[in-house]
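Worksheet: the structure to be examined is printed underneath.
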Amino acid sequence: MSSPQHPPTQPWTAPPPRPVQHAARAAGHSRGSGGAHEHTRLALIIALSIAVVSVLGAIVGWRAELHASKASRYEQDAVATSIAATQVEAEAEAAAAKAESKYVHYTKLQDQANELMPGACDTTSRSTLVQFDAGALCETRVQFSGYAISAYIKADGNFDTEKYANDYVTAAREGDPLDANVFRDQAETERHHEDNMLYLSVFLVLSLALLTLARLGKSVPSRLVLAIPGWLVLVGSAALLVAGEF
Amino acid sequence: MENPLHEANEQIERLEEGPESRIKAVITVMILVVTMLTTVAGVLAAIWSARQSETQRERQEAATESLKAGVTASAQQQSTDALLDDATEADWRRMFLHVYSVEITDKSMAAQVQAQSKQAAAVKANIDKQLPANAGSQSYSDKLREDALNKSQLAAAYAQESAGWLEKHNGALAVVSMLALSLFLLGLALTLGNRATQIGFTVLAIVMTLISGARLLQVHVSSIAAPTEECIALDGEAVAAVNITHYDIGREALDKALAQCPTYDNGWRDLGSTLFYQGVVEGGTKAKSLWIKAEDAYQKAVDVADAKSGELYNAVGFMQILNHHYSAATQNLTTAHELSPDSRVIIGSLAELAIAQGDETTAFAYLKKAALSLQNDGPYLRDDYFFTSLRYDRTYFATAGITGAKVDEFFLRGREVEALLDSQDTASPYDTHGAGISGLVFKKSDSELGRSANFVTIGFTYQGLKVGDVISLRFYAYNDSTYDPTASLTQTVQTGSSLTGSGVESPDTDFRLGLTYQGETTMEVYLNGVSQGEVSLTI
C-alpha cells in the first residue's frame, strides 16, 4: 500500500524563470565580458557555417541528381542507337548478300561458259549447240556485271561482302547518327561529374560533423580545434563545387 | 491561502506559452512534416525504381524481338534476292538463245537452240512460282522490314521511358538527401540554447523542406516524353504508306500519332520527310507550301529531340535552303557541322547553301572537301548515296527556284567529281589536252539481238584521244539521279586501241547495253573527268 499524500509543511514557490538566452551571457559576466563575447561570436559563426554546409549539401545533391539523370539519358540513347545500328547492320548484310549474289552469278556464268567452251566470252564465232549455250551464258553474265567492281573484289577473286556492308553502314551513318560510343562517352562524362558530386557530399558531411561537434564545445579553443578543419573542408568543397560545376 | 499546485500549474502554462516553447513546438511539427515527406519521397523513389526496371525489361524484350524480326526479314530478303537473280539469269539465257535461234541459218541447229531457250523459259516460270508477290519491288523489302523497324522504335521508346523513370527516381533521392539535411538542422535547433541560432536553423530547415516538397511535386507531375506503342505503330503505317507514295494516308497517320505523342521526334521527322517528298511529287507552288510545313515539322523534331544530332539540324537546314531562309539555314547547318564534323552530307549541304547564295568559292571549297574525304570510301557510298543525293538536290533546287549559271556549274562540278572518283580515284579533273567527244548517240539497238533484248546502243565522235585517256559512260535513271552500274562503263584508251586519235564509234558496233531501269535514262559522257555532254532516252 502506498503512503497517503500529505500536504507540504511549507508552501512551495517556484523560482522565477531565468531567461535561458541570457544564461551564457550571465555566466560570461562572471568570467569576464571579452571572453564571453568571443564565445558567442564564434558560436554564431559556427552556426552560420552549419547553415552554409546544409545549403551547399542541397546544391551538391541537386547537381548529382542532374548529372545522374543526364548520364542515364545518354546511356539510354546509346542503347537506342545500338539497336538502330544493329538494324542497319542487318540491312547492310542483306544488301551485301544481294550484291554478292549478283557477283556470284557473274563469275559462275563465266565459269560455266568456259567449261562448255574455253575462252567462250572472248569470241563471237559459234556454230555448235554447246558454243551457242556458252555464248548465251557469256551474254547473260554481262547483266550481272554491275557489282564486278574492283573495289569490292578480294585478292582471291571473291566478293568482299564485309567492305560492301561497311560502305552501306557508313552511308547510313551519314544520314542518321548510329555511333553509340558518342552517347556512351557523354554518359561517362556525366557519371564522372556525378561521382565528383558524391565525393563532395562526403566532404560536406565531414565538415558538418566537425562544425556540429565544435558547436557543442565548451570553450573557445576546444571549439576552434574542430571548427577550423571544418571550415577548411567547407571552403575546399565550395571551391571544388564552383570549379567543377560553374 | 493560494493553492501551491494551482500556482505551479499556472507557471507551467506560462512557460508553455512562452516564445521558447512555441519554437520548440514548431520544430517538433516540422520534424514530423519532414519525416513524413521523407517517407513519401522514399516510397515514390521505390515505385519509380520499380517502373524503371519494368520498362528496362520491356526494352530488352522489344530489342530482342526487333533483332529477331530483323534477322528473319534479312533471311527472307536474301532468299528472295537469290531467286530473283536466278529468274533473271534464266530469262536472259532464254532471250539470248532465242535470238541465236533466229539468227542461225541451220534449221536443225536453230530448233535445238530454240528448245534450249524453252527450257530456260520453263526454269524461269518455275522460279516465278516460288517468288512472293511484288518480290522485286521496294515495297516488298519495306514490308519485310516494317516489323523489325517498329520493334526497334519501340525498344528505343522503352529506353526513353526507362530514362524518364530513372530521372524521377534520382529526383526523389535528391529530395530525400535535402530532407535529411533539413532534419539535421531541426534536430540541432532543438538542442541549441541560443534563440537566434535556433530560429535561423528552423527557418532554413523550413525553406529547405518547402523547396524539397515543391521539387517532389514537380518530379511527380512531370510527364515522361516517350512515344507510346500506338504512336510508333501509326508512324510505321505512315512510313509504309509514304513508301508507296500514298502521302495523304501517311500524313493522316502521322497527324494522329503526333496528336497523341507531341514529343515524338521520329514522328516529327517522318512528317517532315512526308511533306518534303509530297512537295517533290506535287511540284510548283504546292511544293513551296508543303516545304514550309516540312521545315516546321523538322524544326519541331529538333525542338523535341532528346539527342539533337547534326543530321537532324541538317534536315531542317536543308529545308530552309529550299525555302530561301538562308540566315536560319546558316545557323542550323553550322550547328550540324559542329555536331557531326565528318558528315559529308552536311558538308554537301554547306556547299549547297553557299551556291544558293551565289558564293561559288565557298561552295567549291566545301564540295572539294567532301570529295576528298570520299576518295577513301567505296563506290556504294559515292554512287548510291552521296552523289545520288547531290543529283536529287539539283532537281529540288530547280523546284525551289534556286537556279542560274552558278548553280548549274556547281552541280556539273559535282558530277565530274563523281565520274573522276569512280574512274581514277581522284577528285581533280585531268587535262583533256584538246581532245574531245561529241556527236553523242543514245538510242534503242537496231540489231536482232538488241530488238529482242530491248538493248540500247550508243555512238560518238572522238578527236585527239591519246593512250591513257579515260572515257566514262555513266547512265542515270529517275530524273538523272539513280546510277545504273550495269549499263555504265569506263574505258581507258590502250595502245593499239581503235579509240586512239580521232574517229567515229557507230551505234550497234561495240556497245550494246541493257538498261536496269524503265523510263527515262540519261547517258553522261566524261573524258578524263571533264563532261563531254549528255543525252537522254526513254524505254
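We name chains A, B, ... following the order of the C-alpha cells; residues begin at 1 in each chain, and ligands are numbered from 1 as shown.
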
### Message
Using only C-alpha atoms, which protein or nucleic acid residues come within 12 Å of Asn158 of chain A? Drop anything in the same chain fewer than 4 positions from it, and give the result as a VMD selection string.
### Response
chain A and resid 99 to 108 147 to 154 162 to 163

Output of the above residues as a compact mmCIF listing (two decimals), in the first residue's frame, restricted to N, CA and C atoms:
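The file below, part.txt, is the result:
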```
# COMPACT_ATOMS: atom_id res chain seq x y z
N ALA A 99 24.35 -8.00 -103.37
CA ALA A 99 25.42 -7.65 -104.30
C ALA A 99 26.29 -8.87 -104.58
N GLU A 100 26.55 -9.63 -103.53
CA GLU A 100 27.39 -10.82 -103.69
C GLU A 100 26.72 -11.83 -104.63
N SER A 101 25.39 -11.97 -104.45
CA SER A 101 24.64 -12.91 -105.28
C SER A 101 24.82 -12.56 -106.76
N LYS A 102 24.76 -11.25 -107.03
CA LYS A 102 24.92 -10.82 -108.44
C LYS A 102 26.33 -11.12 -108.92
N TYR A 103 27.31 -10.86 -108.06
CA TYR A 103 28.70 -11.12 -108.46
C TYR A 103 28.94 -12.63 -108.63
N VAL A 104 28.35 -13.41 -107.74
CA VAL A 104 28.50 -14.87 -107.83
C VAL A 104 27.90 -15.37 -109.15
N HIS A 105 26.74 -14.82 -109.53
CA HIS A 105 26.14 -15.19 -110.82
C HIS A 105 27.08 -14.81 -111.96
N TYR A 106 27.69 -13.63 -111.82
CA TYR A 106 28.60 -13.12 -112.86
C TYR A 106 29.77 -14.10 -113.07
N THR A 107 30.40 -14.49 -111.97
CA THR A 107 31.57 -15.38 -112.08
C THR A 107 31.15 -16.80 -112.46
N LYS A 108 30.00 -17.22 -111.88
CA LYS A 108 29.51 -18.58 -112.16
C LYS A 108 29.19 -18.75 -113.65
N TYR A 147 28.12 -5.39 -110.19
CA TYR A 147 28.85 -5.46 -108.92
C TYR A 147 30.24 -6.04 -109.08
N ALA A 148 30.66 -6.23 -110.33
CA ALA A 148 32.02 -6.72 -110.57
C ALA A 148 32.96 -5.51 -110.56
N ILE A 149 32.98 -4.83 -109.44
CA ILE A 149 33.78 -3.61 -109.31
C ILE A 149 35.04 -3.97 -108.53
N SER A 150 36.18 -3.57 -109.05
CA SER A 150 37.46 -3.98 -108.43
C SER A 150 37.52 -3.61 -106.94
N ALA A 151 36.85 -2.50 -106.57
CA ALA A 151 36.90 -2.07 -105.16
C ALA A 151 36.30 -3.12 -104.23
N TYR A 152 35.41 -3.96 -104.76
CA TYR A 152 34.75 -4.95 -103.89
C TYR A 152 35.20 -6.38 -104.18
N ILE A 153 36.24 -6.55 -104.98
CA ILE A 153 36.72 -7.90 -105.26
C ILE A 153 38.01 -8.13 -104.47
N LYS A 154 38.00 -9.19 -103.72
CA LYS A 154 39.18 -9.50 -102.90
C LYS A 154 40.28 -10.12 -103.78
N GLU A 162 32.13 -7.84 -96.60
CA GLU A 162 32.39 -7.02 -95.41
C GLU A 162 32.59 -5.55 -95.79
N LYS A 163 33.37 -5.34 -96.84
CA LYS A 163 33.65 -3.96 -97.29
C LYS A 163 32.36 -3.31 -97.80
```

#### Entry: Picked from segment 95-202 of chain A by DSSP as alpha helix (DSSP H), as a PyMOL selection string
chain A and resi 95-116+129-142+161-175+180-202

### Query
Which neighbours of Leu83 of chain B fall inside 10 Å, counting only C-alpha atoms, when residues of the same chain fewer than 3 positions from it are skipped, and could you give them as number ranges by chain?
A: 101; B: 77-80, 86-89, 124, 127-128, 130-131, 135

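Taking atom CA of Leu515 of chain B as the reference point, atom CA of Phe455 of chain B is found at 7.1 Å.
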
When you look at Met117 of chain A with a cut-off of 10 Å (counting only C-alpha atoms), what residues show up, excluding the ones that are within fewer than 2 positions of it in the same chain? I need them as a short mmCIF file (atom, residue, chain, number, x, y, z; two decimals) with N, CA and C atoms, in the first residue's frame.
```cif
data_model
loop_
_atom_site.label_atom_id
_atom_site.label_comp_id
_atom_site.auth_asym_id
_atom_site.auth_seq_id
_atom_site.Cartn_x
_atom_site.Cartn_y
_atom_site.Cartn_z
N ASP A 111 32.39 -19.06 -115.55
CA ASP A 111 32.98 -20.39 -115.34
C ASP A 111 32.23 -21.45 -116.15
N GLN A 112 30.90 -21.37 -116.12
CA GLN A 112 30.09 -22.36 -116.87
C GLN A 112 30.35 -22.25 -118.37
N ALA A 113 30.44 -21.00 -118.82
CA ALA A 113 30.71 -20.78 -120.26
C ALA A 113 32.07 -21.35 -120.63
N ASN A 114 33.06 -21.10 -119.76
CA ASN A 114 34.41 -21.60 -120.04
C ASN A 114 34.47 -23.12 -119.98
N GLU A 115 33.65 -23.71 -119.15
CA GLU A 115 33.61 -25.18 -119.09
C GLU A 115 33.07 -25.74 -120.40
N GLY A 119 37.45 -19.95 -123.20
CA GLY A 119 37.54 -18.62 -123.84
C GLY A 119 36.25 -18.24 -124.53
N ALA A 120 35.11 -18.80 -124.05
CA ALA A 120 33.81 -18.59 -124.70
C ALA A 120 33.44 -17.11 -124.80
N CYS A 121 33.81 -16.35 -123.79
CA CYS A 121 33.36 -14.95 -123.75
C CYS A 121 34.26 -14.03 -124.58
N VAL A 130 26.69 -26.42 -128.12
CA VAL A 130 27.47 -26.10 -126.91
C VAL A 130 28.00 -24.67 -126.98
N GLN A 131 28.47 -24.29 -128.16
CA GLN A 131 29.01 -22.94 -128.31
C GLN A 131 27.91 -21.88 -128.16
N PHE A 132 26.73 -22.19 -128.68
CA PHE A 132 25.61 -21.24 -128.52
C PHE A 132 25.21 -21.12 -127.04
N ASP A 133 25.20 -22.28 -126.41
CA ASP A 133 24.90 -22.29 -124.96
C ASP A 133 25.90 -21.43 -124.21
N ALA A 134 27.19 -21.64 -124.55
CA ALA A 134 28.26 -20.87 -123.88
C ALA A 134 28.11 -19.40 -124.19
N GLY A 135 27.75 -19.08 -125.42
CA GLY A 135 27.55 -17.68 -125.81
C GLY A 135 26.44 -17.04 -125.01
#
```

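Distances from B:Met109, B:Val470, B:Met95, B:Leu204 to Leu183 of chain B were compared using only C-alpha atoms, and the smallest one belongs to B:Leu204.
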
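You can rank B:Gln375, B:Thr274, B:Thr403, B:Thr495 by their closest distance to chain A using only C-alpha atoms, and at the top of that list sits B:Gln375.
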
### Task
May I have the residues within 6 Å of segment 55-62 of chain A as a list in words, using only C-alpha atoms and disregarding those fewer than 2 positions away in the same chain?
Val52, Val53, Ala64, Glu65 and Met197 of chain A; Ala174 and Met178 of chain B

### Task
For atom CA of Leu499 of chain B and atom CA of Asn528 of chain B, quote the distance in Å rounded to one decimal.
14.1 Å

### Query
Could you name the residues that touch segment 169-175 of chain A at 8 Å or less, counting only C-alpha atoms, but leaving out those on the same chain fewer than 4 positions away, as a count of residues only?
12

Sorted per-residue table, segment 445-483 of chain B near segment 409-425 of chain B, closest atoms and distance, 9 Å, only C-alpha atoms, as a tab-separated table:
```
residue	atom	partner	partner_atom	distance
B:Val470	CA	B:Ser423	CA	7.5
B:Ile471	CA	B:Ser423	CA	8.6
B:Ser472	CA	B:Ala419	CA	6.9
B:Leu473	CA	B:Ala419	CA	8.9
B:Arg474	CA	B:Ala419	CA	7.8
```
